[in-house]
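Coordinates as given in structure35.csv (CSV, C-alpha atoms):
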chain,number,residue,atom,x,y,z
A,1202,MET,CA,23.4,-99.9,-83.8
A,1203,GLN,CA,22.4,-97.1,-86.2
A,1204,PRO,CA,23.6,-93.5,-85.7
A,1205,SER,CA,20.1,-92.3,-86.3
A,1206,GLN,CA,18.7,-94.6,-83.5
A,1207,TYR,CA,17.3,-92.8,-80.5
A,1208,ILE,CA,18.2,-93.6,-76.9
A,1209,ASN,CA,16.9,-92.3,-73.7
A,1210,LEU,CA,18.7,-93.1,-70.5
A,1211,ASP,CA,17.3,-90.1,-68.6
A,1212,LYS,CA,15.3,-92.2,-66.1
A,1213,ALA,CA,17.6,-95.2,-65.9
A,1214,ARG,CA,19.5,-95.8,-62.6
A,1215,ALA,CA,22.9,-97.4,-62.8
A,1216,LEU,CA,25.4,-98.8,-60.3
A,1217,ILE,CA,29.0,-98.4,-61.4
A,1218,VAL,CA,31.8,-100.2,-59.5
A,1219,ASP,CA,35.5,-99.9,-60.0
A,1220,ASP,CA,38.4,-99.6,-57.5
A,1221,ASN,CA,40.5,-97.5,-59.8
A,1222,PRO,CA,39.2,-93.9,-59.4
A,1223,GLN,CA,40.3,-92.7,-62.8
A,1224,SER,CA,38.9,-95.8,-64.5
A,1225,LEU,CA,35.6,-95.1,-62.6
A,1226,ASP,CA,35.7,-91.5,-63.9
A,1227,ILE,CA,36.1,-92.7,-67.4
A,1228,LEU,CA,33.2,-95.2,-67.1
A,1229,ILE,CA,30.9,-92.6,-65.5
A,1230,GLY,CA,32.0,-89.9,-68.0
A,1231,VAL,CA,31.1,-92.2,-70.9
A,1232,LEU,CA,27.7,-93.2,-69.4
A,1233,THR,CA,26.7,-89.6,-68.5
A,1234,SER,CA,27.6,-88.6,-72.1
A,1235,PHE,CA,25.0,-91.1,-73.2
A,1236,GLY,CA,22.4,-89.2,-71.1
A,1237,LEU,CA,22.5,-91.4,-67.9
A,1238,ARG,CA,22.0,-89.1,-65.0
A,1239,ASN,CA,21.2,-91.3,-62.1
A,1240,VAL,CA,24.5,-93.0,-61.3
A,1241,VAL,CA,25.7,-94.5,-58.0
A,1242,ARG,CA,29.5,-95.0,-57.9
A,1243,LYS,CA,31.2,-97.5,-55.6
A,1244,ALA,CA,34.8,-98.5,-55.2
A,1245,ASP,CA,34.5,-102.0,-53.9
A,1246,GLY,CA,32.3,-105.1,-54.2
A,1247,ARG,CA,31.1,-105.1,-50.6
A,1248,GLU,CA,29.8,-101.5,-50.8
A,1249,ALA,CA,28.1,-102.3,-54.1
A,1250,GLN,CA,26.5,-105.4,-52.5
A,1251,GLU,CA,25.1,-103.3,-49.7
A,1252,GLU,CA,23.7,-100.8,-52.2
A,1253,LEU,CA,22.1,-103.6,-54.2
A,1254,LYS,CA,20.4,-104.9,-51.0
A,1255,TYR,CA,18.4,-101.8,-50.5
A,1256,GLN,CA,18.1,-100.0,-53.9
A,1257,SER,CA,16.9,-101.2,-57.3
A,1258,PHE,CA,19.0,-100.6,-60.4
A,1259,ASP,CA,18.4,-100.8,-64.2
A,1260,LEU,CA,22.0,-101.5,-65.0
A,1261,VAL,CA,25.1,-102.7,-63.2
A,1262,LEU,CA,28.5,-102.1,-64.5
A,1263,THR,CA,31.3,-103.6,-62.5
A,1264,ASN,CA,35.0,-104.2,-62.8
A,1265,GLY,CA,36.0,-107.9,-62.6
A,1266,ASP,CA,38.9,-107.4,-60.3
A,1267,LEU,CA,37.8,-105.7,-57.1
A,1268,PRO,CA,39.1,-105.9,-53.5
A,1269,GLU,CA,37.3,-108.1,-51.0
A,1270,LEU,CA,34.3,-109.1,-53.2
A,1271,ASP,CA,35.2,-109.2,-56.9
A,1272,GLY,CA,32.9,-108.3,-59.7
A,1273,TYR,CA,32.3,-112.0,-60.6
A,1274,ASP,CA,31.3,-112.9,-57.1
A,1275,LEU,CA,29.1,-109.8,-56.8
A,1276,THR,CA,27.3,-110.8,-60.0
A,1277,ARG,CA,26.9,-114.4,-58.8
A,1278,TRP,CA,25.5,-113.1,-55.5
A,1279,LEU,CA,23.1,-110.7,-57.4
A,1280,ARG,CA,21.8,-113.5,-59.6
A,1281,ARG,CA,21.3,-116.0,-56.8
A,1282,GLU,CA,20.6,-114.1,-53.5
A,1283,ALA,CA,19.7,-110.5,-54.3
A,1284,ASP,CA,16.3,-109.1,-54.0
A,1285,GLU,CA,13.8,-110.0,-56.7
A,1286,ALA,CA,13.9,-106.4,-58.0
A,1287,ASN,CA,17.6,-106.7,-58.9
A,1288,ARG,CA,18.1,-110.4,-59.7
A,1289,GLN,CA,17.6,-110.0,-63.5
A,1290,THR,CA,19.2,-106.5,-63.7
A,1291,PRO,CA,21.5,-106.4,-66.7
A,1292,VAL,CA,25.2,-106.7,-65.6
A,1293,ILE,CA,28.1,-105.7,-67.8
A,1294,LEU,CA,31.5,-106.7,-66.5
A,1295,VAL,CA,34.5,-104.7,-67.5
A,1296,THR,CA,38.0,-106.1,-67.2
A,1297,ALA,CA,41.5,-105.0,-68.1
A,1298,HIS,CA,42.7,-108.6,-68.1
A,1299,THR,CA,41.0,-111.9,-67.0
A,1300,ARG,CA,43.3,-114.1,-65.0
A,1301,GLN,CA,43.5,-117.7,-66.3
A,1302,GLY,CA,42.1,-118.9,-63.0
A,1303,GLN,CA,39.1,-116.7,-63.4
A,1304,VAL,CA,38.0,-117.5,-66.9
A,1305,GLU,CA,35.4,-120.1,-65.8
A,1306,LYS,CA,34.3,-117.9,-62.9
A,1307,ALA,CA,33.7,-115.1,-65.4
A,1308,ARG,CA,31.8,-117.4,-67.7
A,1309,ASP,CA,29.6,-118.8,-65.0
A,1310,CYS,CA,28.9,-115.7,-62.8
A,1311,GLY,CA,25.8,-114.7,-64.8
A,1312,ALA,CA,26.9,-111.5,-66.4
A,1313,ASN,CA,25.2,-110.4,-69.6
A,1314,PHE,CA,28.4,-109.3,-71.2
A,1315,ILE,CA,32.1,-109.0,-70.5
A,1316,VAL,CA,33.7,-105.9,-72.0
A,1317,THR,CA,37.5,-105.4,-72.1
A,1318,LYS,CA,39.2,-102.2,-71.1
A,1319,PRO,CA,40.1,-99.6,-72.2
A,1320,ILE,CA,36.4,-98.6,-72.6
A,1321,SER,CA,35.3,-97.9,-76.2
A,1322,PRO,CA,32.1,-95.7,-76.1
A,1323,ALA,CA,30.7,-97.4,-79.2
A,1324,ILE,CA,31.1,-100.9,-77.8
A,1325,MET,CA,29.7,-99.9,-74.4
A,1326,LEU,CA,26.7,-98.2,-76.0
A,1327,GLU,CA,26.1,-101.2,-78.2
A,1328,ARG,CA,26.2,-103.6,-75.3
A,1329,ILE,CA,23.8,-101.4,-73.3
A,1330,LEU,CA,21.4,-101.4,-76.2
A,1331,TRP,CA,21.7,-105.1,-76.5
A,1332,VAL,CA,21.0,-105.8,-72.8
A,1333,ALA,CA,18.1,-103.3,-72.8
A,1334,LYS,CA,16.3,-104.7,-75.7
A,1335,SER,CA,17.2,-108.3,-75.4
A,1336,ASP,CA,14.6,-110.9,-74.4
A,1337,ARG,CA,17.1,-113.6,-73.7
A,1338,LEU,CA,16.0,-116.4,-71.5
A,1339,PHE,CA,16.9,-116.2,-67.8
A,1340,ILE,CA,18.2,-119.6,-66.7
A,1341,GLU,CA,18.0,-120.8,-63.1
A,1342,CYS,CA,19.6,-124.2,-62.3
A,1343,GLU,CA,21.9,-125.6,-59.7
A,1344,GLY,CA,25.1,-124.8,-61.6
A,1345,TYR,CA,24.2,-121.5,-63.2
A,1346,VAL,CA,21.8,-118.6,-62.7
A,1347,GLY,CA,21.8,-115.8,-65.3
A,1348,PRO,CA,21.1,-115.0,-69.0
A,1349,ASP,CA,21.1,-117.9,-71.4
A,1350,ARG,CA,24.7,-118.3,-72.6
A,1351,ARG,CA,23.7,-120.3,-75.7
A,1352,TRP,CA,21.9,-117.6,-77.5
A,1353,ARG,CA,24.6,-117.2,-80.1
A,1354,ASN,CA,24.3,-120.8,-81.1
A,1355,GLN,CA,20.6,-120.5,-81.8
A,1356,GLY,CA,21.2,-118.3,-84.9
A,1357,PRO,CA,21.2,-114.5,-84.9
A,1358,PRO,CA,18.9,-112.8,-82.5
A,1359,VAL,CA,16.2,-111.6,-84.9
A,1360,GLU,CA,16.0,-108.2,-83.3
A,1361,PHE,CA,19.8,-107.6,-83.5
A,1362,PRO,CA,21.1,-108.7,-86.9
A,1363,GLU,CA,24.3,-106.7,-86.2
A,1364,GLY,CA,24.9,-108.8,-83.1
A,1365,ARG,CA,26.1,-111.6,-85.3
A,1366,ARG,CA,29.7,-112.8,-85.2
A,1367,ARG,CA,31.9,-111.3,-87.9
A,1368,ASP,CA,32.4,-114.7,-89.5
A,1369,ASP,CA,28.8,-115.8,-89.4
A,1370,LYS,CA,27.3,-116.3,-92.9
A,1371,SER,CA,24.8,-113.7,-94.1
A,1372,ILE,CA,21.2,-114.0,-92.8
A,1373,GLU,CA,20.0,-113.5,-96.4
A,1374,LEU,CA,19.7,-116.7,-98.5
A,1375,GLY,CA,19.9,-114.9,-101.8
A,1376,GLU,CA,19.1,-116.3,-105.2
A,1377,ALA,CA,19.6,-120.0,-105.9
A,1378,GLY,CA,22.9,-120.7,-107.6
A,1379,GLY,CA,21.6,-123.4,-109.9
A,1380,HIS,CA,18.5,-125.4,-110.8
A,1381,ASN,CA,16.4,-127.1,-108.1
A,1382,MET,CA,17.6,-130.6,-107.3
A,1383,SER,CA,15.4,-133.6,-107.9
A,1384,GLN,CA,14.3,-135.8,-105.0
A,1385,ASP,CA,16.7,-138.5,-106.2
A,1386,GLU,CA,19.6,-136.1,-106.1
A,1387,LEU,CA,18.6,-134.9,-102.6
A,1388,ASP,CA,18.3,-138.5,-101.4
A,1389,ALA,CA,21.7,-139.2,-102.8
A,1390,LEU,CA,23.1,-136.3,-100.8
A,1391,ILE,CA,21.5,-137.4,-97.6
A,1392,LYS,CA,22.1,-141.1,-97.9
A,1393,PRO,CA,25.0,-141.5,-100.2
A,1394,MET,CA,25.7,-145.0,-99.1
A,1395,ARG,CA,22.5,-146.3,-100.6
A,1396,THR,CA,23.5,-144.9,-104.0
A,1397,ILE,CA,26.9,-146.6,-103.7
A,1398,ALA,CA,25.3,-149.9,-102.7
B,819,MET,CA,19.4,-134.1,-63.0
B,820,SER,CA,18.7,-130.7,-61.4
B,821,GLU,CA,15.6,-128.8,-62.3
B,822,VAL,CA,16.0,-125.9,-64.8
B,823,LYS,CA,13.8,-122.9,-64.6
B,824,LYS,CA,13.5,-120.6,-67.6
B,825,SER,CA,11.9,-117.2,-67.8
B,826,ARG,CA,12.0,-114.4,-70.4
B,827,MET,CA,14.1,-111.4,-69.3
B,828,LYS,CA,12.3,-108.2,-69.8
B,829,PRO,CA,14.7,-105.5,-68.5
B,830,ARG,CA,13.1,-102.3,-67.2
B,831,LEU,CA,16.0,-100.6,-68.9
B,832,GLY,CA,14.5,-101.4,-72.3
B,833,GLN,CA,11.2,-99.8,-71.4
B,834,LEU,CA,12.9,-96.7,-70.1
B,835,MET,CA,15.2,-96.3,-73.1
B,836,ALA,CA,12.2,-96.5,-75.5
B,837,GLN,CA,10.5,-93.5,-73.9
B,838,LYS,CA,10.3,-90.2,-75.7
B,839,GLY,CA,13.2,-87.8,-75.4
B,840,GLY,CA,16.9,-88.7,-75.2
B,841,MET,CA,19.3,-88.3,-78.1
B,842,TYR,CA,20.6,-89.9,-81.3
B,843,VAL,CA,23.3,-92.6,-81.0
B,844,ALA,CA,25.6,-90.5,-83.1
B,845,GLU,CA,25.2,-87.6,-80.7
B,846,ALA,CA,25.8,-89.8,-77.7
B,847,LEU,CA,29.0,-91.2,-79.2
B,848,LYS,CA,30.2,-87.7,-80.1
B,849,ARG,CA,29.6,-86.5,-76.5
B,850,ALA,CA,31.4,-89.6,-75.1
B,851,ASP,CA,34.4,-88.9,-77.4
B,852,ALA,CA,34.5,-85.3,-76.2
B,853,THR,CA,34.3,-86.5,-72.5
B,854,LEU,CA,37.2,-88.9,-73.1
B,855,GLU,CA,39.2,-86.1,-74.7
B,856,THR,CA,38.9,-84.1,-71.5
B,857,LEU,CA,40.1,-87.1,-69.5
B,858,ARG,CA,43.0,-87.8,-71.9
B,859,GLU,CA,45.7,-85.8,-70.1
B,860,PRO,CA,44.7,-86.9,-66.6
B,861,SER,CA,44.8,-90.5,-67.8
B,862,LEU,CA,48.2,-90.1,-69.4
B,863,LEU,CA,49.4,-88.6,-66.1
B,864,GLY,CA,47.9,-91.6,-64.4
B,865,ILE,CA,49.9,-93.9,-66.6
B,866,ASP,CA,53.0,-91.9,-65.7
B,867,ASP,CA,52.3,-92.6,-62.0
B,868,TYR,CA,51.6,-96.3,-62.6
B,869,ILE,CA,54.9,-96.7,-64.6
B,870,ALA,CA,56.7,-95.0,-61.7
B,871,ALA,CA,54.9,-97.4,-59.3
B,872,LEU,CA,56.1,-100.4,-61.3
B,873,ASP,CA,59.7,-99.2,-61.0
B,874,THR,CA,59.3,-98.6,-57.3
B,875,LEU,CA,57.9,-102.1,-56.9
B,876,LEU,CA,60.7,-103.7,-58.8
B,877,ALA,CA,63.2,-102.0,-56.6
B,878,SER,CA,61.4,-102.8,-53.4
B,879,ASP,CA,62.2,-105.7,-51.1
B,880,LEU,CA,58.5,-106.6,-50.7
B,881,GLU,CA,57.6,-110.3,-50.3
B,882,ALA,CA,57.7,-111.9,-53.7
B,883,GLY,CA,54.0,-113.0,-53.8
B,884,LEU,CA,52.8,-109.6,-52.7
B,885,LYS,CA,55.1,-107.9,-55.2
B,886,LEU,CA,53.8,-110.1,-58.0
B,887,GLU,CA,50.2,-109.2,-57.1
B,888,GLN,CA,50.9,-105.5,-56.9
B,889,LEU,CA,52.8,-105.5,-60.2
B,890,TYR,CA,49.8,-107.2,-61.8
B,891,ALA,CA,47.4,-104.6,-60.3
B,892,ARG,CA,49.5,-101.7,-61.7
B,893,ALA,CA,49.8,-103.3,-65.1
B,894,SER,CA,45.9,-103.7,-65.1
B,895,ASP,CA,45.6,-100.0,-64.1
B,896,ILE,CA,47.7,-99.1,-67.1
B,897,VAL,CA,45.4,-101.1,-69.4
B,898,SER,CA,42.4,-99.4,-67.9
B,899,LEU,CA,43.7,-95.9,-68.8
B,900,SER,CA,45.4,-96.8,-72.1
B,901,GLY,CA,42.5,-95.6,-74.2
B,902,ALA,CA,44.1,-92.2,-73.7
B,903,GLU,CA,47.1,-93.1,-75.8
B,904,ARG,CA,47.1,-92.3,-79.5
B,905,ASN,CA,47.6,-96.0,-80.4
B,906,ASP,CA,47.0,-99.3,-78.8
B,907,ALA,CA,50.6,-100.3,-78.3
B,908,VAL,CA,50.7,-99.5,-74.6
B,909,GLN,CA,47.5,-101.4,-74.1
B,910,ILE,CA,49.0,-104.5,-75.8
B,911,ALA,CA,52.2,-104.2,-73.8
B,912,ALA,CA,50.5,-103.7,-70.5
B,913,ARG,CA,48.1,-106.6,-71.2
B,914,SER,CA,51.1,-108.8,-72.1
B,915,LEU,CA,52.6,-107.9,-68.7
B,916,CYS,CA,49.4,-108.9,-67.0
B,917,GLY,CA,49.6,-112.2,-68.8
B,918,LEU,CA,53.2,-112.7,-67.9
B,919,LEU,CA,52.6,-112.1,-64.2
B,920,ASP,CA,49.3,-114.1,-64.1
B,921,GLU,CA,51.0,-117.2,-65.7
B,922,ALA,CA,54.2,-116.8,-63.7
B,923,ASP,CA,55.0,-119.5,-61.1
B,924,GLY,CA,56.5,-116.9,-58.7
B,925,LEU,CA,59.0,-114.1,-59.3
B,926,ASN,CA,62.0,-116.1,-60.4
B,927,PRO,CA,64.9,-114.3,-62.2
B,928,THR,CA,63.5,-115.2,-65.7
B,929,VAL,CA,60.1,-113.7,-64.8
B,930,LEU,CA,61.7,-110.6,-63.3
B,931,ALA,CA,63.8,-110.1,-66.4
B,932,GLY,CA,60.6,-110.4,-68.5
B,933,VAL,CA,58.8,-107.8,-66.3
B,934,LYS,CA,61.7,-105.4,-66.7
B,935,VAL,CA,61.6,-105.7,-70.5
B,936,HIS,CA,57.9,-105.1,-70.4
B,937,VAL,CA,58.2,-102.0,-68.2
B,938,ALA,CA,61.0,-100.6,-70.4
B,939,SER,CA,58.8,-101.2,-73.4
B,940,ILE,CA,55.8,-99.5,-71.9
B,941,LYS,CA,58.0,-96.5,-71.1
B,942,LEU,CA,59.1,-96.3,-74.8
B,943,LEU,CA,55.6,-96.6,-76.1
B,944,HIS,CA,53.8,-94.3,-73.6
B,945,ARG,CA,53.0,-90.9,-75.2
B,946,ALA,CA,55.1,-92.0,-78.2
B,947,ASP,CA,54.2,-90.9,-81.7
B,948,SER,CA,56.8,-93.2,-83.3
B,949,ASP,CA,55.9,-95.1,-86.4
B,950,PRO,CA,53.7,-98.3,-86.2
B,951,ALA,CA,56.6,-100.4,-87.6
B,952,THR,CA,58.7,-99.5,-84.4
B,953,HIS,CA,55.8,-100.4,-82.2
B,954,ARG,CA,55.4,-103.7,-84.0
B,955,ILE,CA,59.0,-104.6,-83.4
B,956,ILE,CA,58.7,-103.8,-79.7
B,957,LEU,CA,55.4,-105.7,-79.3
B,958,GLN,CA,56.9,-108.7,-81.2
B,959,GLY,CA,59.7,-108.7,-78.7
B,960,LEU,CA,57.3,-108.8,-75.8
B,961,ALA,CA,55.3,-111.6,-77.4
B,962,SER,CA,58.4,-113.7,-77.7
B,963,VAL,CA,59.2,-113.0,-74.0
B,964,LEU,CA,55.7,-114.3,-73.1
B,965,ASP,CA,56.0,-117.3,-75.4
B,966,LYS,CA,59.4,-118.2,-73.9
B,967,GLN,CA,57.9,-118.1,-70.4
B,968,ARG,CA,55.0,-120.3,-71.5
B,969,GLY,CA,57.4,-122.7,-73.1
B,970,GLU,CA,59.4,-122.9,-69.9
B,971,GLY,CA,56.2,-123.4,-67.9
B,972,LYS,CA,55.2,-126.3,-70.1
B,973,GLY,CA,58.7,-127.8,-69.8
B,974,GLN,CA,58.4,-127.7,-66.0
B,975,GLY,CA,54.9,-129.0,-66.0
Kindly return the structure encoded in the file as structure tokens.
Amino acid sequence: MQPSQYINLDKARALIVDDNPQSLDILIGVLTSFGLRNVVRKADGREAQEELKYQSFDLVLTNGDLPELDGYDLTRWLRREADEANRQTPVILVTAHTRQGQVEKARDCGANFIVTKPISPAIMLERILWVAKSDRLFIECEGYVGPDRRWRNQGPPVEFPEGRRRDDKSIELGEAGGHNMSQDELDALIKPMRTIA
Amino acid sequence: MSEVKKSRMKPRLGQLMAQKGGMYVAEALKRADATLETLREPSLLGIDDYIAALDTLLASDLEAGLKLEQLYARASDIVSLSGAERNDAVQIAARSLCGLLDEADGLNPTVLAGVKVHVASIKLLHRADSDPATHRIILQGLASVLDKQRGEGKGQG
């Protein structure tokens, strides 16, 4: 994410769900600061589900822990049963703390990202840019419906070099450290047992 | 083996964000920081209320399971608003309390003692401008409370 990068959220429509009114104010405050004007706010998962049945959204931001229908089940429903217009809508889950019993549920619900609270504007904007520009595969199978979760293992997404993990090696190969190896030397590296034999 | 269907995600959000107009990322972040600044005092007041709610819950004779759930919910609420604090010590302490309650096998006397230590620490750290070294000592204490409970949990398991 570059400071000089341009973003335009004027026409985007977002659904924001959190049962804590102050936390909801913070989320909406941050998003409206980014230029998002069209925001629907909901305090529980059932109300959000009803909204998603009849309206299409460009972004869903939901708290994980919610009364009645939690954010994980809401996302799972969205990916599997919602109207076609919303099924691939980017979902960012926010959570203060993920219960041990919900870690797998969080992993498998089909959210694009899970962001921990308290909300950091820089992290939130970065994740929004990622989900907006990403062309990740959308996977549908019996056990999982949602964005491909293996994208990080396929090397860095070419369009987001900053999206790499901090401990990933540099994408740049750089200059060779020594002379080119001969074929025999390469063979010896690949099949050392032959050399020993 | 079940059939796997793959398609390429093309979010409409990407097309909308690429349209002319809008603002620079730097400007968006500056605005967001300004917004959070206006929400700082209400958030700190909110944390005051949640700390008071934790005290009330501890003193109440609510059914143990329900009490545990409500203590967990209030600790989560504190984490949610803790961005308003000048440092991340309250956030770490409140998240540690969430962990303690989530992993607790009921509200036994050891867990209750751990919860009380956490609440007392959150009170000390809330709105505090004390030095990071003091925060570190408090947080190390909380980490050892959590470790002790995990150790006891393993011993029982």
With chain B as the partner and 8 Å as the cut-off, tabulate the residues of chain A that qualify, each row holding the nearest pair of atoms and their distance in Å to one decimal, using only C-alpha atoms, sorted by chain and rising number, as JSON lines.
{"residue": "A:Met1202", "atom": "CA", "partner": "B:Val843", "partner_atom": "CA", "distance": 7.8}
{"residue": "A:Gln1203", "atom": "CA", "partner": "B:Val843", "partner_atom": "CA", "distance": 6.9}
{"residue": "A:Pro1204", "atom": "CA", "partner": "B:Ala844", "partner_atom": "CA", "distance": 4.4}
{"residue": "A:Ser1205", "atom": "CA", "partner": "B:Tyr842", "partner_atom": "CA", "distance": 5.6}
{"residue": "A:Gln1206", "atom": "CA", "partner": "B:Tyr842", "partner_atom": "CA", "distance": 5.5}
{"residue": "A:Tyr1207", "atom": "CA", "partner": "B:Tyr842", "partner_atom": "CA", "distance": 4.5}
{"residue": "A:Ile1208", "atom": "CA", "partner": "B:Gly840", "partner_atom": "CA", "distance": 5.3}
{"residue": "A:Asn1209", "atom": "CA", "partner": "B:Gly840", "partner_atom": "CA", "distance": 3.9}
{"residue": "A:Leu1210", "atom": "CA", "partner": "B:Met835", "partner_atom": "CA", "distance": 5.4}
{"residue": "A:Asp1211", "atom": "CA", "partner": "B:Gly840", "partner_atom": "CA", "distance": 6.8}
{"residue": "A:Lys1212", "atom": "CA", "partner": "B:Leu834", "partner_atom": "CA", "distance": 6.5}
{"residue": "A:Ala1213", "atom": "CA", "partner": "B:Leu831", "partner_atom": "CA", "distance": 6.4}
{"residue": "A:Asn1221", "atom": "CA", "partner": "B:Asp895", "partner_atom": "CA", "distance": 7.1}
{"residue": "A:Gln1223", "atom": "CA", "partner": "B:Ser861", "partner_atom": "CA", "distance": 7.1}
{"residue": "A:Ser1224", "atom": "CA", "partner": "B:Ser898", "partner_atom": "CA", "distance": 6.1}
{"residue": "A:Ile1227", "atom": "CA", "partner": "B:Leu854", "partner_atom": "CA", "distance": 6.9}
{"residue": "A:Gly1230", "atom": "CA", "partner": "B:Thr853", "partner_atom": "CA", "distance": 6.1}
{"residue": "A:Val1231", "atom": "CA", "partner": "B:Ala850", "partner_atom": "CA", "distance": 4.9}
{"residue": "A:Leu1232", "atom": "CA", "partner": "B:Ala850", "partner_atom": "CA", "distance": 7.7}
{"residue": "A:Ser1234", "atom": "CA", "partner": "B:Ala850", "partner_atom": "CA", "distance": 4.9}
{"residue": "A:Phe1235", "atom": "CA", "partner": "B:Ala846", "partner_atom": "CA", "distance": 4.8}
{"residue": "A:Gly1236", "atom": "CA", "partner": "B:Gly840", "partner_atom": "CA", "distance": 6.9}
{"residue": "A:Asp1259", "atom": "CA", "partner": "B:Leu831", "partner_atom": "CA", "distance": 5.3}
{"residue": "A:Leu1260", "atom": "CA", "partner": "B:Leu831", "partner_atom": "CA", "distance": 7.2}
{"residue": "A:Gln1289", "atom": "CA", "partner": "B:Met827", "partner_atom": "CA", "distance": 6.9}
{"residue": "A:Thr1290", "atom": "CA", "partner": "B:Pro829", "partner_atom": "CA", "distance": 6.7}
{"residue": "A:Pro1291", "atom": "CA", "partner": "B:Pro829", "partner_atom": "CA", "distance": 7.1}
{"residue": "A:Ala1297", "atom": "CA", "partner": "B:Ser894", "partner_atom": "CA", "distance": 5.5}
{"residue": "A:His1298", "atom": "CA", "partner": "B:Arg913", "partner_atom": "CA", "distance": 6.5}
{"residue": "A:Arg1300", "atom": "CA", "partner": "B:Asp920", "partner_atom": "CA", "distance": 6.1}
{"residue": "A:Gln1301", "atom": "CA", "partner": "B:Asp920", "partner_atom": "CA", "distance": 7.2}
{"residue": "A:Lys1318", "atom": "CA", "partner": "B:Ser898", "partner_atom": "CA", "distance": 5.3}
{"residue": "A:Pro1319", "atom": "CA", "partner": "B:Ser898", "partner_atom": "CA", "distance": 4.9}
{"residue": "A:Ile1320", "atom": "CA", "partner": "B:Gly901", "partner_atom": "CA", "distance": 7.0}
{"residue": "A:Ser1321", "atom": "CA", "partner": "B:Gly901", "partner_atom": "CA", "distance": 7.8}
{"residue": "A:Pro1322", "atom": "CA", "partner": "B:Ala850", "partner_atom": "CA", "distance": 6.2}
{"residue": "A:Ala1323", "atom": "CA", "partner": "B:Leu847", "partner_atom": "CA", "distance": 6.4}
{"residue": "A:Leu1330", "atom": "CA", "partner": "B:Gly832", "partner_atom": "CA", "distance": 7.9}
{"residue": "A:Val1332", "atom": "CA", "partner": "B:Pro829", "partner_atom": "CA", "distance": 7.6}
{"residue": "A:Ala1333", "atom": "CA", "partner": "B:Gly832", "partner_atom": "CA", "distance": 4.1}
{"residue": "A:Lys1334", "atom": "CA", "partner": "B:Gly832", "partner_atom": "CA", "distance": 5.1}
{"residue": "A:Ser1335", "atom": "CA", "partner": "B:Lys828", "partner_atom": "CA", "distance": 7.4}
{"residue": "A:Asp1336", "atom": "CA", "partner": "B:Met827", "partner_atom": "CA", "distance": 5.1}
{"residue": "A:Arg1337", "atom": "CA", "partner": "B:Met827", "partner_atom": "CA", "distance": 5.8}
{"residue": "A:Leu1338", "atom": "CA", "partner": "B:Arg826", "partner_atom": "CA", "distance": 4.6}
{"residue": "A:Phe1339", "atom": "CA", "partner": "B:Ser825", "partner_atom": "CA", "distance": 5.1}
{"residue": "A:Ile1340", "atom": "CA", "partner": "B:Lys824", "partner_atom": "CA", "distance": 4.9}
{"residue": "A:Glu1341", "atom": "CA", "partner": "B:Lys823", "partner_atom": "CA", "distance": 4.9}
{"residue": "A:Cys1342", "atom": "CA", "partner": "B:Val822", "partner_atom": "CA", "distance": 4.7}
{"residue": "A:Glu1343", "atom": "CA", "partner": "B:Ser820", "partner_atom": "CA", "distance": 6.3}
{"residue": "A:Pro1348", "atom": "CA", "partner": "B:Met827", "partner_atom": "CA", "distance": 7.9}
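Between atom CA of Tyr1255 of chain A and atom CA of Arg1238 of chain A lies a distance of 19.6 Å.
For the residues B:Val937, B:Leu925, B:Ala907, B:Leu964, ranking by smallest atom-to-atom distance to Asp949 of chain B using all atoms listed in the file places B:Ala907 first.
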Notebook entry, point to check: Using all atoms listed in the file, which residues sit within 10 Å of Ala1283 of chain A once same-chain residues fewer than 4 positions away are excluded, as a ChimeraX atom specification?
Noted result: /A:1250,1253-1255,1275-1279,1287-1289
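Of the residues listed (A:Ser1257, A:Asn1313, A:Asn1381, A:Thr1263), A:Thr1263 shows the shortest atom-to-atom separation from Ile1229 of chain A; distances use only C-alpha atoms.
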Please work out which residues fall within 7 Å of (29.6, -97.0, -59.4), coordinates as given in the file, with only C-alpha atoms counting, and return them as an NGL selection string. :A and (1216-1219 or 1240-1244)
Residue with the minimum atom-to-atom distance to Glu1251 of chain A, picked from A:Gly1311, A:Asn1264, A:Asp1284, A:Leu1225 with all atoms listed in the file counted, is A:Asp1284
Computed gap from atom CA of Gly932 of chain B to atom CA of Gly969 of chain B is 13.5 Å
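Picture a line from atom CA of Leu886 of chain B to atom CA of Glu1269 of chain A; it runs 18.0 Å.
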Can you take the partial segment 914-919 of chain B, add N, CA and C atoms, and return it as an mmCIF file, in the coordinates of the input?
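The resulting file, out16.cif, is shown below:
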data_model
loop_
_atom_site.group_PDB
_atom_site.id
_atom_site.type_symbol
_atom_site.label_atom_id
_atom_site.label_comp_id
_atom_site.auth_asym_id
_atom_site.auth_seq_id
_atom_site.Cartn_x
_atom_site.Cartn_y
_atom_site.Cartn_z
ATOM 1 N N SER B 914 50.079 -107.717 -72.022
ATOM 2 C CA SER B 914 51.100 -108.800 -72.100
ATOM 3 C C SER B 914 51.778 -108.944 -70.741
ATOM 4 N N LEU B 915 52.033 -107.810 -70.076
ATOM 5 C CA LEU B 915 52.600 -107.900 -68.700
ATOM 6 C C LEU B 915 51.687 -108.553 -67.746
ATOM 7 N N CYS B 916 50.390 -108.230 -67.867
ATOM 8 C CA CYS B 916 49.400 -108.900 -67.000
ATOM 9 C C CYS B 916 49.465 -110.420 -67.237
ATOM 10 N N GLY B 917 49.527 -110.824 -68.508
ATOM 11 C CA GLY B 917 49.600 -112.200 -68.800
ATOM 12 C C GLY B 917 50.831 -112.901 -68.263
ATOM 13 N N LEU B 918 51.963 -112.216 -68.414
ATOM 14 C CA LEU B 918 53.200 -112.700 -67.900
ATOM 15 C C LEU B 918 53.160 -112.983 -66.396
ATOM 16 N N LEU B 919 52.623 -111.991 -65.683
ATOM 17 C CA LEU B 919 52.600 -112.100 -64.200
ATOM 18 C C LEU B 919 51.511 -113.109 -63.762
#
